[in-house]
Every structure is written in C-alpha cells, then in structure tokens.
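Okay, structure.cif now, which holds mmCIF, C-alpha atoms:
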data_target
#
loop_
_atom_site.group_PDB
_atom_site.id
_atom_site.type_symbol
_atom_site.label_atom_id
_atom_site.label_comp_id
_atom_site.auth_asym_id
_atom_site.auth_seq_id
_atom_site.Cartn_x
_atom_site.Cartn_y
_atom_site.Cartn_z
ATOM 1 C CA MET A 198 46.513 7.118 0.139
ATOM 2 C CA ARG A 199 46.260 3.349 0.334
ATOM 3 C CA LYS A 200 43.929 3.498 3.362
ATOM 4 C CA THR A 201 41.686 6.010 1.623
ATOM 5 C CA LEU A 202 41.472 3.872 -1.509
ATOM 6 C CA LEU A 203 40.696 0.740 0.534
ATOM 7 C CA GLY A 204 38.050 2.648 2.489
ATOM 8 C CA LEU A 205 36.395 3.876 -0.712
ATOM 9 C CA LEU A 206 36.471 0.401 -2.280
ATOM 10 C CA GLY A 207 35.006 -1.127 0.886
ATOM 11 C CA THR A 208 32.243 1.473 0.986
ATOM 12 C CA LEU A 209 31.447 0.919 -2.689
ATOM 13 C CA ALA A 210 31.367 -2.873 -2.246
ATOM 14 C CA LEU A 211 29.090 -2.515 0.781
ATOM 15 C CA LEU A 212 26.716 -0.193 -1.098
ATOM 16 C CA LEU A 213 26.494 -2.465 -4.132
ATOM 17 C CA GLY A 214 26.177 -5.622 -2.040
ATOM 18 C CA VAL A 215 23.345 -4.320 0.127
ATOM 19 C CA ALA A 216 21.430 -2.325 -2.485
ATOM 20 C CA THR A 217 20.352 -5.207 -4.712
ATOM 21 C CA PRO A 218 16.880 -4.963 -6.253
ATOM 22 C CA ALA A 219 15.716 -8.135 -4.503
ATOM 23 C CA LEU A 220 16.289 -6.512 -1.139
ATOM 24 C CA ALA A 221 14.577 -3.249 -2.096
ATOM 25 C CA PHE A 222 11.082 -4.448 -1.202
ATOM 26 C CA GLU A 223 9.881 -6.795 1.460
ATOM 27 C CA PRO A 224 7.667 -9.655 0.296
ATOM 28 C CA VAL A 225 3.884 -9.469 0.621
ATOM 29 C CA ASN A 226 2.908 -11.324 3.788
ATOM 30 C CA VAL A 227 -0.756 -12.323 3.637
ATOM 31 C CA VAL A 228 -2.086 -12.731 7.194
ATOM 32 C CA HIS A 229 -5.806 -13.172 6.431
ATOM 33 C CA THR A 230 -7.802 -14.432 3.457
ATOM 34 C CA GLU A 231 -11.440 -14.423 2.393
ATOM 35 C CA LYS A 232 -13.040 -16.501 -0.378
ATOM 36 C CA VAL A 233 -15.230 -14.894 -3.058
ATOM 37 C CA GLN A 234 -17.258 -16.750 -5.688
ATOM 38 C CA ALA A 235 -17.494 -14.828 -8.956
ATOM 39 C CA GLY A 236 -19.512 -17.144 -11.189
ATOM 40 C CA PRO A 237 -17.209 -20.007 -12.186
ATOM 41 C CA TYR A 238 -14.165 -18.253 -10.701
ATOM 42 C CA ASP A 239 -13.032 -18.818 -7.124
ATOM 43 C CA LEU A 240 -11.106 -15.790 -5.866
ATOM 44 C CA THR A 241 -9.028 -15.593 -2.715
ATOM 45 C CA VAL A 242 -8.715 -12.075 -1.312
ATOM 46 C CA GLY A 243 -5.619 -11.656 0.860
ATOM 47 C CA PHE A 244 -4.875 -8.931 3.396
ATOM 48 C CA SER A 245 -1.403 -8.079 4.722
ATOM 49 C CA THR A 246 -2.874 -6.575 7.919
ATOM 50 C CA TRP A 247 -5.878 -7.822 9.857
ATOM 51 C CA PRO A 248 -8.191 -6.371 11.090
ATOM 52 C CA VAL A 249 -8.348 -3.633 8.470
ATOM 53 C CA LYS A 250 -8.221 -0.105 9.878
ATOM 54 C CA ALA A 251 -9.057 3.154 8.121
ATOM 55 C CA MET A 252 -6.116 5.175 6.780
ATOM 56 C CA GLN A 253 -3.736 2.256 7.439
ATOM 57 C CA SER A 254 -1.792 1.166 4.361
ATOM 58 C CA LEU A 255 -1.878 -2.517 3.537
ATOM 59 C CA ASP A 256 -1.516 -4.871 0.604
ATOM 60 C CA PHE A 257 -4.517 -6.543 -0.988
ATOM 61 C CA THR A 258 -4.030 -9.600 -3.197
ATOM 62 C CA PHE A 259 -6.692 -11.088 -5.474
ATOM 63 C CA VAL A 260 -5.946 -14.635 -6.616
ATOM 64 C CA PRO A 261 -8.182 -16.637 -8.956
ATOM 65 C CA GLU A 262 -7.956 -20.366 -8.204
ATOM 66 C CA ASP A 263 -6.295 -21.198 -11.535
ATOM 67 C CA GLY A 264 -4.160 -18.024 -11.868
ATOM 68 C CA ILE A 265 -4.573 -14.706 -13.656
ATOM 69 C CA ASP A 266 -3.336 -15.763 -17.112
ATOM 70 C CA GLY A 267 -6.000 -15.193 -19.758
ATOM 71 C CA LYS A 268 -8.230 -13.205 -17.415
ATOM 72 C CA LYS A 269 -9.084 -9.544 -16.929
ATOM 73 C CA GLY A 270 -10.827 -8.088 -13.952
ATOM 74 C CA THR A 271 -12.255 -4.960 -12.419
ATOM 75 C CA LEU A 272 -12.428 -4.052 -8.742
ATOM 76 C CA THR A 273 -15.125 -1.725 -7.448
ATOM 77 C CA LEU A 274 -14.904 -0.455 -3.862
ATOM 78 C CA LEU A 275 -18.255 0.381 -2.300
ATOM 79 C CA TYR A 276 -18.660 2.260 0.989
ATOM 80 C CA GLY A 277 -22.213 1.552 2.059
ATOM 81 C CA GLN A 278 -24.041 2.093 -1.254
ATOM 82 C CA GLU A 279 -21.606 4.731 -2.539
ATOM 83 C CA GLU A 280 -19.042 3.745 -5.163
ATOM 84 C CA MET A 281 -15.639 4.984 -4.012
ATOM 85 C CA ASP A 282 -13.315 3.515 -6.667
ATOM 86 C CA ASP A 283 -13.610 1.511 -9.860
ATOM 87 C CA SER A 284 -10.388 0.288 -11.450
ATOM 88 C CA PRO A 285 -9.053 -2.583 -13.532
ATOM 89 C CA LEU A 286 -7.257 -5.300 -11.619
ATOM 90 C CA ALA A 287 -3.512 -5.154 -12.251
ATOM 91 C CA ARG A 288 -0.612 -7.325 -11.197
ATOM 92 C CA HIS A 289 0.663 -6.632 -7.700
ATOM 93 C CA PRO A 290 4.019 -4.825 -8.070
ATOM 94 C CA ARG A 291 5.805 -7.085 -5.559
ATOM 95 C CA LYS A 292 3.917 -10.335 -6.164
ATOM 96 C CA ARG A 293 3.664 -10.464 -9.949
ATOM 97 C CA GLU A 294 1.737 -13.755 -10.219
ATOM 98 C CA VAL A 295 -1.443 -12.284 -8.658
ATOM 99 C CA TRP A 296 -3.615 -9.201 -8.950
ATOM 100 C CA GLY A 297 -3.383 -6.716 -6.125
ATOM 101 C CA LEU A 298 -3.195 -3.282 -4.570
ATOM 102 C CA ASP A 299 0.129 -2.192 -3.102
ATOM 103 C CA ILE A 300 0.118 -0.137 0.105
ATOM 104 C CA TYR A 301 -3.508 0.913 -0.284
ATOM 105 C CA ALA A 302 -5.537 2.499 2.516
ATOM 106 C CA LEU A 303 -9.295 2.573 2.855
ATOM 107 C CA PRO A 304 -10.199 6.172 3.778
ATOM 108 C CA GLU A 305 -13.210 5.650 6.054
ATOM 109 C CA PRO A 306 -14.141 3.285 8.885
ATOM 110 C CA GLY A 307 -17.351 1.325 8.419
ATOM 111 C CA THR A 308 -18.734 -1.423 6.217
ATOM 112 C CA TRP A 309 -17.117 -1.861 2.798
ATOM 113 C CA THR A 310 -17.909 -4.129 -0.147
ATOM 114 C CA LEU A 311 -15.334 -5.295 -2.686
ATOM 115 C CA LYS A 312 -17.045 -6.107 -6.000
ATOM 116 C CA PHE A 313 -15.178 -8.120 -8.626
ATOM 117 C CA ASP A 314 -15.964 -8.418 -12.333
ATOM 118 C CA VAL A 315 -13.837 -11.157 -13.906
ATOM 119 C CA ASP A 316 -13.667 -11.839 -17.636
ATOM 120 C CA GLY A 317 -11.941 -15.092 -18.605
ATOM 121 C CA PRO A 318 -12.216 -18.319 -20.593
ATOM 122 C CA ALA A 319 -15.410 -19.333 -18.733
ATOM 123 C CA GLY A 320 -17.091 -16.003 -19.543
ATOM 124 C CA ARG A 321 -17.804 -12.846 -17.605
ATOM 125 C CA ALA A 322 -18.880 -13.083 -13.960
ATOM 126 C CA SER A 323 -19.269 -10.929 -10.853
ATOM 127 C CA GLY A 324 -18.779 -11.567 -7.169
ATOM 128 C CA GLU A 325 -18.684 -9.550 -3.955
ATOM 129 C CA LEU A 326 -16.904 -9.609 -0.640
ATOM 130 C CA LYS A 327 -19.605 -8.023 1.506
ATOM 131 C CA ASN A 328 -19.491 -6.634 5.047
ATOM 132 C CA LEU A 329 -15.760 -5.960 5.212
ATOM 133 C CA GLN A 330 -15.575 -4.177 8.555
ATOM 134 C CA VAL A 331 -12.998 -1.379 8.615
ATOM 135 C CA MET A 332 -12.115 -0.149 12.097
ATOM 136 C CA GLU A 333 -11.244 3.375 13.247
ATOM 137 C CA GLN A 334 -7.943 4.916 12.174
ATOM 138 C CA PRO A 335 -5.070 3.857 14.460
ATOM 139 C CA GLY A 336 -3.152 6.467 16.411
ATOM 140 C CA PRO A 337 -4.041 10.070 17.164
ATOM 141 C CA PRO A 338 -6.445 12.088 14.991
ATOM 142 C CA MET A 339 -5.013 13.290 11.670
ATOM 143 C CA GLY A 340 -5.104 16.998 12.646
ATOM 144 C CA LEU A 341 -3.095 16.380 15.817
ATOM 145 C CA SER A 342 -0.569 14.267 13.894
ATOM 146 C CA TRP A 343 -0.067 17.032 11.339
ATOM 147 C CA ALA A 344 0.231 19.692 14.075
ATOM 148 C CA ILE A 345 2.936 17.725 15.892
ATOM 149 C CA SER A 346 4.814 16.981 12.665
ATOM 150 C CA THR A 347 5.059 20.705 11.783
ATOM 151 C CA ILE A 348 6.859 21.611 15.042
ATOM 152 C CA PRO A 349 10.336 20.925 13.537
ATOM 153 C CA LEU A 350 9.453 23.094 10.518
ATOM 154 C CA PHE A 351 8.548 26.036 12.749
ATOM 155 C CA GLY A 352 11.744 25.453 14.743
ATOM 156 C CA LEU A 353 13.800 25.549 11.534
ATOM 157 C CA ILE A 354 12.106 28.753 10.367
ATOM 158 C CA THR A 355 12.755 30.356 13.772
ATOM 159 C CA PHE A 356 16.416 29.266 13.664
ATOM 160 C CA ILE A 357 16.902 30.714 10.162
ATOM 161 C CA VAL A 358 15.275 34.052 11.116
ATOM 162 C CA ILE A 359 17.420 34.391 14.272
ATOM 163 C CA ALA A 360 20.611 33.437 12.388
ATOM 164 C CA TRP A 361 19.772 35.867 9.580
ATOM 165 C CA ARG A 362 19.187 38.743 12.036
ATOM 166 C CA ARG A 363 22.453 38.050 13.900
ATOM 167 C CA THR A 364 24.554 37.892 10.756
ATOM 168 C CA ARG A 365 23.169 41.006 9.084
ATOM 169 C CA THR A 366 25.560 43.908 8.896
ATOM 170 C CA PRO A 367 24.129 47.130 10.361
#
Would you kindly transcribe this structure into structure tokens?
Amino acid sequence: MRKTLLGLLGTLALLLGVATPALAFEPVNVVHTEKVQAGPYDLTVGFSTWPVKAMQSLDFTFVPEDGIDGKKGTLTLLYGQEEMDDSPLARHPRKREVWGLDIYALPEPGTWTLKFDVDGPAGRASGELKNLQVMEQPGPPMGLSWAISTIPLFGLITFIVIAWRRTRTP
C-alpha cells in the first residue's frame, strides 16, 4: 500500500511539475525579417521559417518600431493580384507584445504580397511587402500523403471485420 501511494504521489508530482503553462508552447523563434514602410510607421515582418514554402506552417510577427499600443492594423494577403485574405492584425498568441499569425500556412507557391494598413497616433497609412517568394510544398504531394496516412485506418477496419466474423456465434 505504501509503495502504491508513493508511486501515485510521484506520478502526480511529475505531471504537475512538467505540465506548467509556460512549457506548453515553445517561444516564437524569428529566423528572418523584412522591413516595411507604412507611412510614418516602420514595421518589421518576422518569419519563423525561411525560405517560406507553400502549405508549411510558420509564425509571422508584425512589429511596429514603437510597439503596438495605441495602434490598429489590417493585413491583406495578395496572391498575384487576387486578394486571398483580409483580417485585422491581432496579438500573436505566444508573443503578446507584437501582432502576428500563429502557425499559418500560405496555400500556394508563387509571388505573394503582404499589405498593411496601420491606424495610429500619426494617422492612417499603408505599406506593402512585395515579391514574397513562396516555394513549392515540402515533402510528397498532398494526395500521396493522405493515401499513405489512411493505410492504418484500412488495417483497423480489416482487423475489426475479421475479429467480428470469428467471434460471431453460428
């Protein structure tokens, strides 16, 4: 009984000690930055992976030179001339002092433009990060990846059917 209680207490202490909120998410590591001039606002766009590849999740950070306090912004993603997404800039969930996108993936390879509209104490201004080259998706094609990943599902279904047939009473 004593060994069991000590084992349970040790397991509980280990779970609580390791599962702290600070350890739940890794920090945002910016490996490449680009500068964007949006009127009087200097923005630094950070990327957690470089070069950017299609369908590869990464973190984007958008940092005005004097911080985000008192400012609002909008990010518009353009693929060629086509607008793909238009959304307000929000705080990055893991780096609260900057705006950002958490684990975001650009869907297509090619040339992208990130357009910023910033509204702050110096007025409203726009700026663009043009010619962001997005490379081909890493790894095998998406269809092949999905086909390979369904093999265990088909194996499980086969196992259940065989087990069900063997355990049926005639």
Requested in this report: Taking the file as shown, find all residues satisfying the PyMOL selection byres ((chain A and resi 258) around 12) and write them as a VMD selection string.
Outcome: chain A and resid 225 to 232 240 to 246 255 to 257 259 to 261 265 272 286 to 301
Query - Given the PyMOL selection byres ((chain A and resi 331) around 8), the residues it picks as a list of chain:residue names - result: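 When the PyMOL selection byres ((chain A and resi 331) around 8) is applied to the shown file, the picked residues are A:Pro248, A:Val249, A:Lys250, A:Ala251, A:Leu303, A:Glu305, A:Pro306, A:Gly307, A:Thr308, A:Trp309, A:Leu329, A:Gln330, A:Met332, A:Glu333.
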Requested write-out: C-alpha atoms of the selected residues, as a PDB file, in the coordinates of the input:
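Full text of selection13.pdb as output:
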ATOM      1  CA  PRO A 248      -8.191  -6.371  11.090  1.00  0.00           C
ATOM      2  CA  VAL A 249      -8.348  -3.633   8.470  1.00  0.00           C
ATOM      3  CA  LYS A 250      -8.221  -0.105   9.878  1.00  0.00           C
ATOM      4  CA  ALA A 251      -9.057   3.154   8.121  1.00  0.00           C
ATOM      5  CA  LEU A 303      -9.295   2.573   2.855  1.00  0.00           C
ATOM      6  CA  GLU A 305     -13.210   5.650   6.054  1.00  0.00           C
ATOM      7  CA  PRO A 306     -14.141   3.285   8.885  1.00  0.00           C
ATOM      8  CA  GLY A 307     -17.351   1.325   8.419  1.00  0.00           C
ATOM      9  CA  THR A 308     -18.734  -1.423   6.217  1.00  0.00           C
ATOM     10  CA  TRP A 309     -17.117  -1.861   2.798  1.00  0.00           C
ATOM     11  CA  LEU A 329     -15.760  -5.960   5.212  1.00  0.00           C
ATOM     12  CA  GLN A 330     -15.575  -4.177   8.555  1.00  0.00           C
ATOM     13  CA  MET A 332     -12.115  -0.149  12.097  1.00  0.00           C
ATOM     14  CA  GLU A 333     -11.244   3.375  13.247  1.00  0.00           C
TER      15      GLU A 333
END
Query raised in the report: Leaving out Lys269 (chain A) and any residue of its chain fewer than 3 positions from it, which residues lie within 7 Å of it when counting all atoms listed in the file, given as a PyMOL selection string?
Result: chain A and resi 315-317
Determine the residue membership of the PyMOL selection byres ((chain A and resi 237) around 10) for the file above and supply it as a PDB file with C-alpha atoms, in the coordinates of the input.
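File produced: out-v7.pdb:
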ATOM      1  CA  GLN A 234     -17.258 -16.750  -5.688  1.00  0.00           C
ATOM      2  CA  ALA A 235     -17.494 -14.828  -8.956  1.00  0.00           C
ATOM      3  CA  GLY A 236     -19.512 -17.144 -11.189  1.00  0.00           C
ATOM      4  CA  TYR A 238     -14.165 -18.253 -10.701  1.00  0.00           C
ATOM      5  CA  ASP A 239     -13.032 -18.818  -7.124  1.00  0.00           C
ATOM      6  CA  LEU A 240     -11.106 -15.790  -5.866  1.00  0.00           C
ATOM      7  CA  VAL A 315     -13.837 -11.157 -13.906  1.00  0.00           C
ATOM      8  CA  GLY A 317     -11.941 -15.092 -18.605  1.00  0.00           C
ATOM      9  CA  PRO A 318     -12.216 -18.319 -20.593  1.00  0.00           C
ATOM     10  CA  ALA A 319     -15.410 -19.333 -18.733  1.00  0.00           C
ATOM     11  CA  GLY A 320     -17.091 -16.003 -19.543  1.00  0.00           C
ATOM     12  CA  ARG A 321     -17.804 -12.846 -17.605  1.00  0.00           C
ATOM     13  CA  ALA A 322     -18.880 -13.083 -13.960  1.00  0.00           C
ATOM     14  CA  SER A 323     -19.269 -10.929 -10.853  1.00  0.00           C
ATOM     15  CA  GLY A 324     -18.779 -11.567  -7.169  1.00  0.00           C
TER      16      GLY A 324
END
Listed atoms of region 283-289 of chain A, axis-aligned box, 5 Å per side: centre and edge lengths to one decimal in Å, as AutoDock Vina command-line options?
--center_x -6.5 --center_y -2.9 --center_z -10.6 --size_x 24.3 --size_y 18.8 --size_z 15.8
Query raised in the report: Quick one: distance from CA of Gly336 (chain A) to CA of Ala302 (chain A) in Å, one decimal?
Result: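 Computed distance, CA of Gly336 (chain A) to CA of Ala302 (chain A), equals 14.6 Å.
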Report task. To one decimal in Å, tell me the separation between CA of Gln278 (chain A) and CA of Glu325 (chain A). Result ->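 Interatomic distance, CA of Gln278 (chain A) to CA of Glu325 (chain A): 13.1 Å.
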Query raised in the report: For the atom pair CA of Pro338 (chain A) and CA of Leu275 (chain A), what is the interatomic distance in Å to one decimal place?
Result: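 About the pair CA of Pro338 (chain A) and CA of Leu275 (chain A): they are 24.0 Å apart.
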Report task. Go through A:Gly277, A:Gly267, A:Gly204, A:Pro224 and flag the residue nearest Leu311 (chain A), using all atoms listed in the file for the distances. Result -> A:Gly277
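When the distance limit is 9 Å and all atoms listed in the file are what count, the residues near Ser284 (chain A), minus those fewer than 6 positions from it on the same chain, are Gly270, Thr271, Leu272, Thr273 and Leu274 of chain A.
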